[in-house]
Each structure stands twice: as C-alpha cells, then as structure tokens.
Amino acid sequence: MTLSSQDELLLNAYVDGELDPIEASSFEQRLQSDAALNAQIETLRALRGALRSDLAEDVPSPELRRRIMAKLNPPPRADRNSWMALAASFLVGAVLAGVTSFGALNYRTSDELAEQVVSAHVRGLMAPQPTDVASSSHHTVKPWFNGKLAFAPTVADLGAQGFPLVGGRVDVVRVEPVASLVYSHGKHLISLFEMPNTSGASAPVTSHKKQGYLALSWSDGAITYWAVSDTAPDELKNFVRLFRAAAANS
Amino acid sequence: MPYLVDAFRLARWLAGSRADAEDIVQEASMRAFKNIRGFSGGNPRGWVLTIVRNTSYSWLAKNRPKDVVFSDDLDQHHREQIEQAATDQMQTPETALIAKLEAEQVRKAIAVLPAPFREILVLREIHDLDYRTIAEVAALPIGTVMSRLARARRLLSATIATGIP
C-alpha cells in the first residue's frame with residue numbers, strides 16, 4: 001500500500017494528537033473502513049512504545065550533577081529584587097532541577113530538609129484535597145507517578161495494618177520533584193515522601209520535630225524516605241516499621 | 001521531570017554515547033546559565049532543549065567533524081536514502097516484530113537515521129513535545145517538522161523491516 005504524502009502527514013498528525021477535533025473525527029471515519037491505514041497506525045504506535053521502553057535507564061549519572069555544581073560554584077546571587085532576578089533564579093532552578101539536591105551542598109542540613117518536608121505535608125493538608133491521585137490501591141497510585149519522576153517510588157498497601165492508602169501527589173523538595181504518598185490513620189494523615197538518595201548510603205531511622213509534627217527519615221540506599229504526621233509518635237514509628245517491612249518484601 | 005534528565009536524553013540521542021552526552025549537558029548548562037537573560041518567557045523546557053540541541057551540534061562539529069550533518073545541509077547520499085525509503089513503503093514491519101525489539105536494537109536503528117530526522121523523532125517520541133514546540137527547538141517551519149517526522153518514521157520502519165544494521 002502506498003499512501004499519498006498528504007495522507008501520510010494526516011496519519012502522523014493523528015497519531016501525535018495534532019489534528020483538530022473536526023479533522024480527527026473525519027479521519028476516524030475513514031479509519032473504520034480502511035484496514036491498511038489501521039495497520040499503519042498500529043505500526044506507528046508500536047514504534048513509539050519501542051522508543052520509550054527503556055527511558056528509565058536513560059538518565060544521567062549523579063557524577064554529572066556534581067560536575068555541573070562544581071562549575072557553577074559559587075552559586076549566583078540575585079543582584080536586585082527585580083523581575084529579571086526572580087526569573088533568573090527560577091530558571092537556574094529549572095535548568096538544574098535536581099542538581100541542588102545533591103548532598104555535597106552541605107549548607108542544606110537534614111534539619112532544613114525536615115522543615116521542607118513538614119512544610120510540604122502542611123501544604124498538602126491546606127489544599128482542598130491532600131492528593132492529586134486519590135486511590136487506596138497501589139496499582140492505581142504507583143503508575144500515576146510514571147513520567148512525573150525519574151525513579152519509581154515504592155507504594156505499599158498497609159490498609160490491613162490500619163494505615164489505608166489515601167493517594168499520592170508530587171511535591172517539590174529542594175527544587176526536585178519527589179513522590180508523596182498519603183496514608184490515613186484514624187483522623188490523622190501521614191505523608192510519606194520518597195526522593196533519590198544522592199549519597200547512595202543507607203541510613204537508619206532518625207527523628208525530627210518541627211512545629212508539633214514528627215518527621216522520621218531513613219534511607220535504603222537508592223531512596224531517602226521521610227514520614228511526616230501529627231499522629232502519636234509511637235503510631236508513626238509503627239507505620240515506618242510496617243512500611244519498611246512491606247518495602248523489603250516487595 | 002527535571003530538565004537535566006531531558007537535557008541528557010536529547011544529548012545522548014544526538015551524540016550517541018552517555019559520556020559525550022554528559023559533556024554536552026555540562027557545556028549546555030553553562031551556556032544556559034550565562035544566557036538566562038536571553039530567555040524571554042514562554043516554554044522553559046523548550047528553551048533548555050534548544051540550548052542542548054545547539055550545543056550538541058557545535059560539540060559534534062568540534063569533536064567529530066566527520067559525523068555531523070546539519071539540518072539545512074542534507075547531502076546527496078541522505079537525500080537518496082530518503083527517496084529510496086519513500087518508494088519502499090511496502091516494507092512496513094509487523095507490529096509484533098517491533099514489539100519484540102530490544103531497546104538496544106531500537107537505539108541502533110535510530111542511530112543510523114540522518115541527524116535532521118533523528119532529532120525530530122527524538123523530540124517527538126522521547127520528549128513528547130508537540131509540533132509547535134519542536135518547530136521552535138529545531139528552528140524549522142511546522143510543515144518541515146511534519147514532513148521530517150513522517151519520513152523519520154518511515155525510515156525507521158524500513159530499517160527495522162530490513163533487519164537492524
């Protein structure tokens with residue numbers, strides 16, 4: 001089968017979602033009676049799937065982040081409180097998103113990090129709903145993070161143990177998107193944050209108190225976890241113990 | 001998604017190796033940083049990718065001058081390749097065949113595409129940009145983006161159907 005070049009462009013634009021609704025609907029009518037066109041569409045979609053199949057491995061090494069940070073040191077200062085300075089600082093953040101999270105920046109202490117995750121937790125409670133994807137099933141919540149993060153977060157179902165999953169959202173901590181899972185316990189909500197661990201070393205659970213919230217943090221090597229809640233300390237510790245056990249078995 | 005990952009992916013597809021891509025991204029970061037005042041608003045991701053694209057080509061021109069084909073500089077050989085692929089449209093691989101391909105094979109098939117087609121394909125499929133943004137990043141009219149994308153896919157299909165090199 002040979003397509004006219006006009007049809008070929010139409011076909012490509014259709015697969016890319018670039019046709020306007022009127023064009024798309026008339027194209028779909030043609031599709032119903034044209035097996036060859038359908039086969040072409042399947043081929044284009046299969047190519048896309050093949051191209052995207054190993055995206056997760058297609059990420060830069062932590063070493064690159066370190067190199068860029070070293071080059072940019074000392075960090076720029078916003079000279080004036082102008083719009084441009086604001087835009088510039090936003091863009092530095094955007095271009096190097098993730099870079100600033102690198103552990104070599106020792107002025108970011110874990111205490112500051114605790115402040116940020118507690119703020120993110122509180123911000124979540126202020127919003128009309130604390131999640132962007134609401135579901136008690138990890139089969140729904142886990143895939144929702146695809147394409148939003150450069151890593152696959154661990155999502156554990158702890159409903160049977162008294163900590164049902166409420167849903168998930170993406171927060172930004174130290175200019176990097178992080179996974180936030182929301183669990184409930186009685187009337188309390190627990191935010192569990194997951195972020196890439198740039199040091200690569202495992203760390204035991206440490207505890208931080210901020211504004212009446214308890215934040216527990218630990219690391220399993222690749223990922224650093226922060227659990228934040230206003231529930232009783234023993235309950236949060238219990239949650240962390242259950243989550244770690246579930247994560248170890250998953 | 002952090003733009004650093006986006007930047008790295010584009011550079012890797014254009015340069016073909018992880019190590020070169022990291023050098024390019026490092027250079028592009030410095031350029032982006034210096035030229036931040038040149039950013040006039042709009043799509044920051046497109047802006048970053050534009051810098052990475054331009055840095056990739058200047059890096060390749062400097063370090064691998066023999067490999068570079070610039071977008072507005074298609075040579076006769078490539079033109080013939082495209083014409084050949086256009087007449088070979090019958091060679092559409094089975095969907096099942098594509099599904100079985102290893103990531104490595106896909107990578108190789110894309111690596112043999114001429115750069116002007118490869119970059120459009122990568123911006124569309126890997127970075128999921130719409131036609132308008134691709135046109136901005138590659139500094140091309142939208143009609144050229146559409147025809148190059150169609151040809152890139154046709155070439156890729158033909159490469160796969162005839163066996164990966």
# chains A, B, ... in the order shown; residues from 1 in each chain; ligands from 1

$ interface_residues --of "chain B" --to "chain A" --cutoff "7 Å" --atoms "only C-alpha atoms" --output "ChimeraX atom specification"
/B:1-5,8-9,22,26,33,36-37,48,89-90,95,98-99,103,106,125-126,146-147,150

$ write_last_selection --atoms "N, CA and C atoms" --output "CSV table (one decimal), in the first residue's frame"
chain,number,residue,atom,x,y,z
B,1,MET,N,9.3,16.4,35.5
B,1,MET,CA,10.6,15.8,35.3
B,1,MET,C,11.7,16.8,35.2
B,2,PRO,N,12.8,16.6,35.9
B,2,PRO,CA,13.8,17.6,35.9
B,2,PRO,C,14.4,17.8,34.5
B,3,TYR,N,14.7,19.0,34.1
B,3,TYR,CA,15.2,19.3,32.8
B,3,TYR,C,16.6,18.7,32.6
B,4,LEU,N,17.3,18.4,33.7
B,4,LEU,CA,18.6,17.8,33.5
B,4,LEU,C,18.4,16.4,32.8
B,5,VAL,N,17.4,15.7,33.2
B,5,VAL,CA,17.2,14.4,32.5
B,5,VAL,C,16.8,14.6,31.1
B,8,PHE,N,19.9,15.6,29.2
B,8,PHE,CA,20.7,14.4,29.0
B,8,PHE,C,20.2,13.5,27.9
B,9,ARG,N,18.9,13.2,27.9
B,9,ARG,CA,18.4,12.3,26.9
B,9,ARG,C,18.5,12.9,25.5
B,22,GLU,N,27.1,13.6,28.5
B,22,GLU,CA,27.3,14.3,29.8
B,22,GLU,C,28.2,15.6,29.6
B,26,GLN,N,26.9,19.4,30.3
B,26,GLN,CA,27.6,20.3,31.2
B,26,GLN,C,27.9,21.6,30.5
B,33,PHE,N,23.1,29.0,31.7
B,33,PHE,CA,23.3,29.9,32.9
B,33,PHE,C,23.7,31.3,32.4
B,36,ILE,N,20.8,33.3,30.6
B,36,ILE,CA,19.5,33.3,31.2
B,36,ILE,C,18.7,34.5,30.9
B,37,ARG,N,19.4,35.6,30.7
B,37,ARG,CA,18.6,36.9,30.4
B,37,ARG,C,18.1,36.9,29.0
B,48,VAL,N,15.4,25.2,27.2
B,48,VAL,CA,16.5,24.4,27.6
B,48,VAL,C,16.9,23.4,26.5
B,89,GLN,N,7.9,1.9,0.6
B,89,GLN,CA,6.9,2.0,1.7
B,89,GLN,C,6.2,0.6,2.0
B,90,MET,N,6.3,-0.3,1.1
B,90,MET,CA,5.7,-1.6,1.3
B,90,MET,C,6.3,-2.3,2.5
B,95,THR,N,3.7,-5.2,13.5
B,95,THR,CA,3.7,-4.6,14.8
B,95,THR,C,4.3,-5.6,15.8
B,98,ILE,N,8.0,-5.3,15.9
B,98,ILE,CA,8.5,-4.1,16.6
B,98,ILE,C,8.4,-4.4,18.1
B,99,ALA,N,7.3,-5.0,18.6
B,99,ALA,CA,7.1,-5.2,20.0
B,99,ALA,C,8.2,-6.0,20.6
B,103,ALA,N,15.6,-2.9,23.4
B,103,ALA,CA,15.9,-1.4,23.5
B,103,ALA,C,17.2,-1.1,22.7
B,106,VAL,N,16.5,-0.9,19.0
B,106,VAL,CA,15.9,0.3,18.6
B,106,VAL,C,16.9,1.5,18.6
B,125,GLU,N,9.1,11.7,20.2
B,125,GLU,CA,8.8,10.5,20.9
B,125,GLU,C,9.4,10.4,22.3
B,126,ILE,N,10.6,10.8,22.4
B,126,ILE,CA,11.2,10.7,23.7
B,126,ILE,C,10.8,11.9,24.6
B,146,MET,N,6.6,18.4,10.3
B,146,MET,CA,5.7,17.3,9.9
B,146,MET,C,6.3,16.3,8.9
B,147,SER,N,6.8,16.9,7.8
B,147,SER,CA,7.3,16.0,6.8
B,147,SER,C,8.6,15.2,7.3
B,150,ALA,N,7.4,12.4,9.5
B,150,ALA,CA,6.8,11.3,8.8
B,150,ALA,C,7.9,10.5,8.1

$ atom_distance --atom1 "CA of Val133 in chain A" --atom2 "CA of Arg169 in chain A"
6.4 Å

$ closest_residue --among "A:Ala179, A:Ala160, A:Ala201, A:Leu113" --to "Thr131 in chain A" --atoms "only C-alpha atoms"
A:Ala179

$ residues_around --residues "His121 in chain A" --least-positions-apart "6" --cutoff "10 Å" --atoms "only C-alpha atoms" --output "PyMOL selection string"
chain A and resi 115+130+171+180+182+189-193+213+215+227-229

$ decode --residues "range 143-155 of chain B" --atoms "all heavy atoms" --output "compact mmCIF listing (two decimals), in the first residue's frame"
# COMPACT_ATOMS: atom_id res chain seq x y z
N GLY B 143 5.60 22.85 8.89
CA GLY B 143 5.40 21.90 7.80
C GLY B 143 6.62 21.01 7.60
O GLY B 143 6.50 19.81 7.31
N THR B 144 7.80 21.58 7.79
CA THR B 144 9.03 20.80 7.68
C THR B 144 9.13 19.79 8.81
O THR B 144 9.56 18.65 8.62
CB THR B 144 10.25 21.74 7.70
OG1 THR B 144 10.04 22.76 6.74
CG2 THR B 144 11.52 20.99 7.38
N VAL B 145 8.70 20.23 10.01
CA VAL B 145 8.68 19.29 11.14
C VAL B 145 7.81 18.10 10.80
O VAL B 145 8.19 16.94 10.99
CB VAL B 145 8.15 20.00 12.41
CG1 VAL B 145 7.87 18.97 13.50
CG2 VAL B 145 9.16 21.03 12.90
N MET B 146 6.62 18.38 10.25
CA MET B 146 5.69 17.29 9.94
C MET B 146 6.26 16.35 8.90
O MET B 146 6.19 15.12 9.05
CB MET B 146 4.35 17.87 9.46
CG MET B 146 3.58 18.56 10.56
SD MET B 146 2.06 19.31 9.96
CE MET B 146 1.07 17.84 9.69
N SER B 147 6.84 16.91 7.82
CA SER B 147 7.33 16.01 6.78
C SER B 147 8.56 15.24 7.26
O SER B 147 8.70 14.06 6.96
CB SER B 147 7.60 16.78 5.49
OG SER B 147 8.55 17.78 5.72
N ARG B 148 9.42 15.90 8.06
CA ARG B 148 10.60 15.16 8.56
C ARG B 148 10.20 14.06 9.52
O ARG B 148 10.80 12.99 9.54
CB ARG B 148 11.57 16.11 9.25
CG ARG B 148 12.34 16.91 8.25
CD ARG B 148 13.64 17.42 8.82
NE ARG B 148 14.26 18.28 7.83
CZ ARG B 148 15.12 19.23 8.10
NH1 ARG B 148 15.47 19.43 9.35
NH2 ARG B 148 15.64 19.96 7.16
N LEU B 149 9.20 14.33 10.34
CA LEU B 149 8.75 13.33 11.29
C LEU B 149 8.19 12.11 10.55
O LEU B 149 8.52 10.96 10.86
CB LEU B 149 7.71 13.94 12.23
CG LEU B 149 7.17 13.05 13.33
CD1 LEU B 149 8.30 12.54 14.22
CD2 LEU B 149 6.16 13.82 14.17
N ALA B 150 7.36 12.39 9.54
CA ALA B 150 6.79 11.28 8.76
C ALA B 150 7.90 10.47 8.11
O ALA B 150 7.89 9.23 8.14
CB ALA B 150 5.83 11.82 7.71
N ARG B 151 8.89 11.19 7.54
CA ARG B 151 9.99 10.47 6.88
C ARG B 151 10.86 9.73 7.88
O ARG B 151 11.35 8.63 7.60
CB ARG B 151 10.85 11.43 6.07
CG ARG B 151 10.14 11.86 4.82
CD ARG B 151 10.96 12.84 4.06
NE ARG B 151 10.30 13.19 2.82
CZ ARG B 151 10.90 13.89 1.85
NH1 ARG B 151 12.14 14.28 1.99
NH2 ARG B 151 10.24 14.17 0.75
N ALA B 152 11.06 10.33 9.04
CA ALA B 152 11.87 9.66 10.06
C ALA B 152 11.22 8.33 10.44
O ALA B 152 11.89 7.30 10.55
CB ALA B 152 12.01 10.55 11.29
N ARG B 153 9.91 8.37 10.60
CA ARG B 153 9.23 7.13 10.99
C ARG B 153 9.27 6.10 9.86
O ARG B 153 9.40 4.90 10.10
CB ARG B 153 7.79 7.45 11.38
CG ARG B 153 7.71 8.11 12.75
CD ARG B 153 6.34 8.69 13.00
NE ARG B 153 6.16 9.03 14.41
CZ ARG B 153 5.23 9.90 14.83
NH1 ARG B 153 4.42 10.49 13.98
NH2 ARG B 153 5.11 10.16 16.11
N ARG B 154 9.15 6.60 8.64
CA ARG B 154 9.18 5.69 7.50
C ARG B 154 10.57 5.05 7.40
O ARG B 154 10.71 3.84 7.19
CB ARG B 154 8.87 6.47 6.23
CG ARG B 154 8.31 5.63 5.11
CD ARG B 154 8.30 6.41 3.82
NE ARG B 154 7.56 7.66 3.94
CZ ARG B 154 7.94 8.78 3.30
NH1 ARG B 154 9.02 8.81 2.59
NH2 ARG B 154 7.20 9.86 3.41
N LEU B 155 11.60 5.87 7.58
CA LEU B 155 12.96 5.34 7.54
C LEU B 155 13.21 4.33 8.65
O LEU B 155 13.84 3.29 8.44
CB LEU B 155 13.97 6.49 7.72
CG LEU B 155 14.41 7.25 6.48
CD1 LEU B 155 15.26 8.43 6.92
CD2 LEU B 155 15.21 6.32 5.58
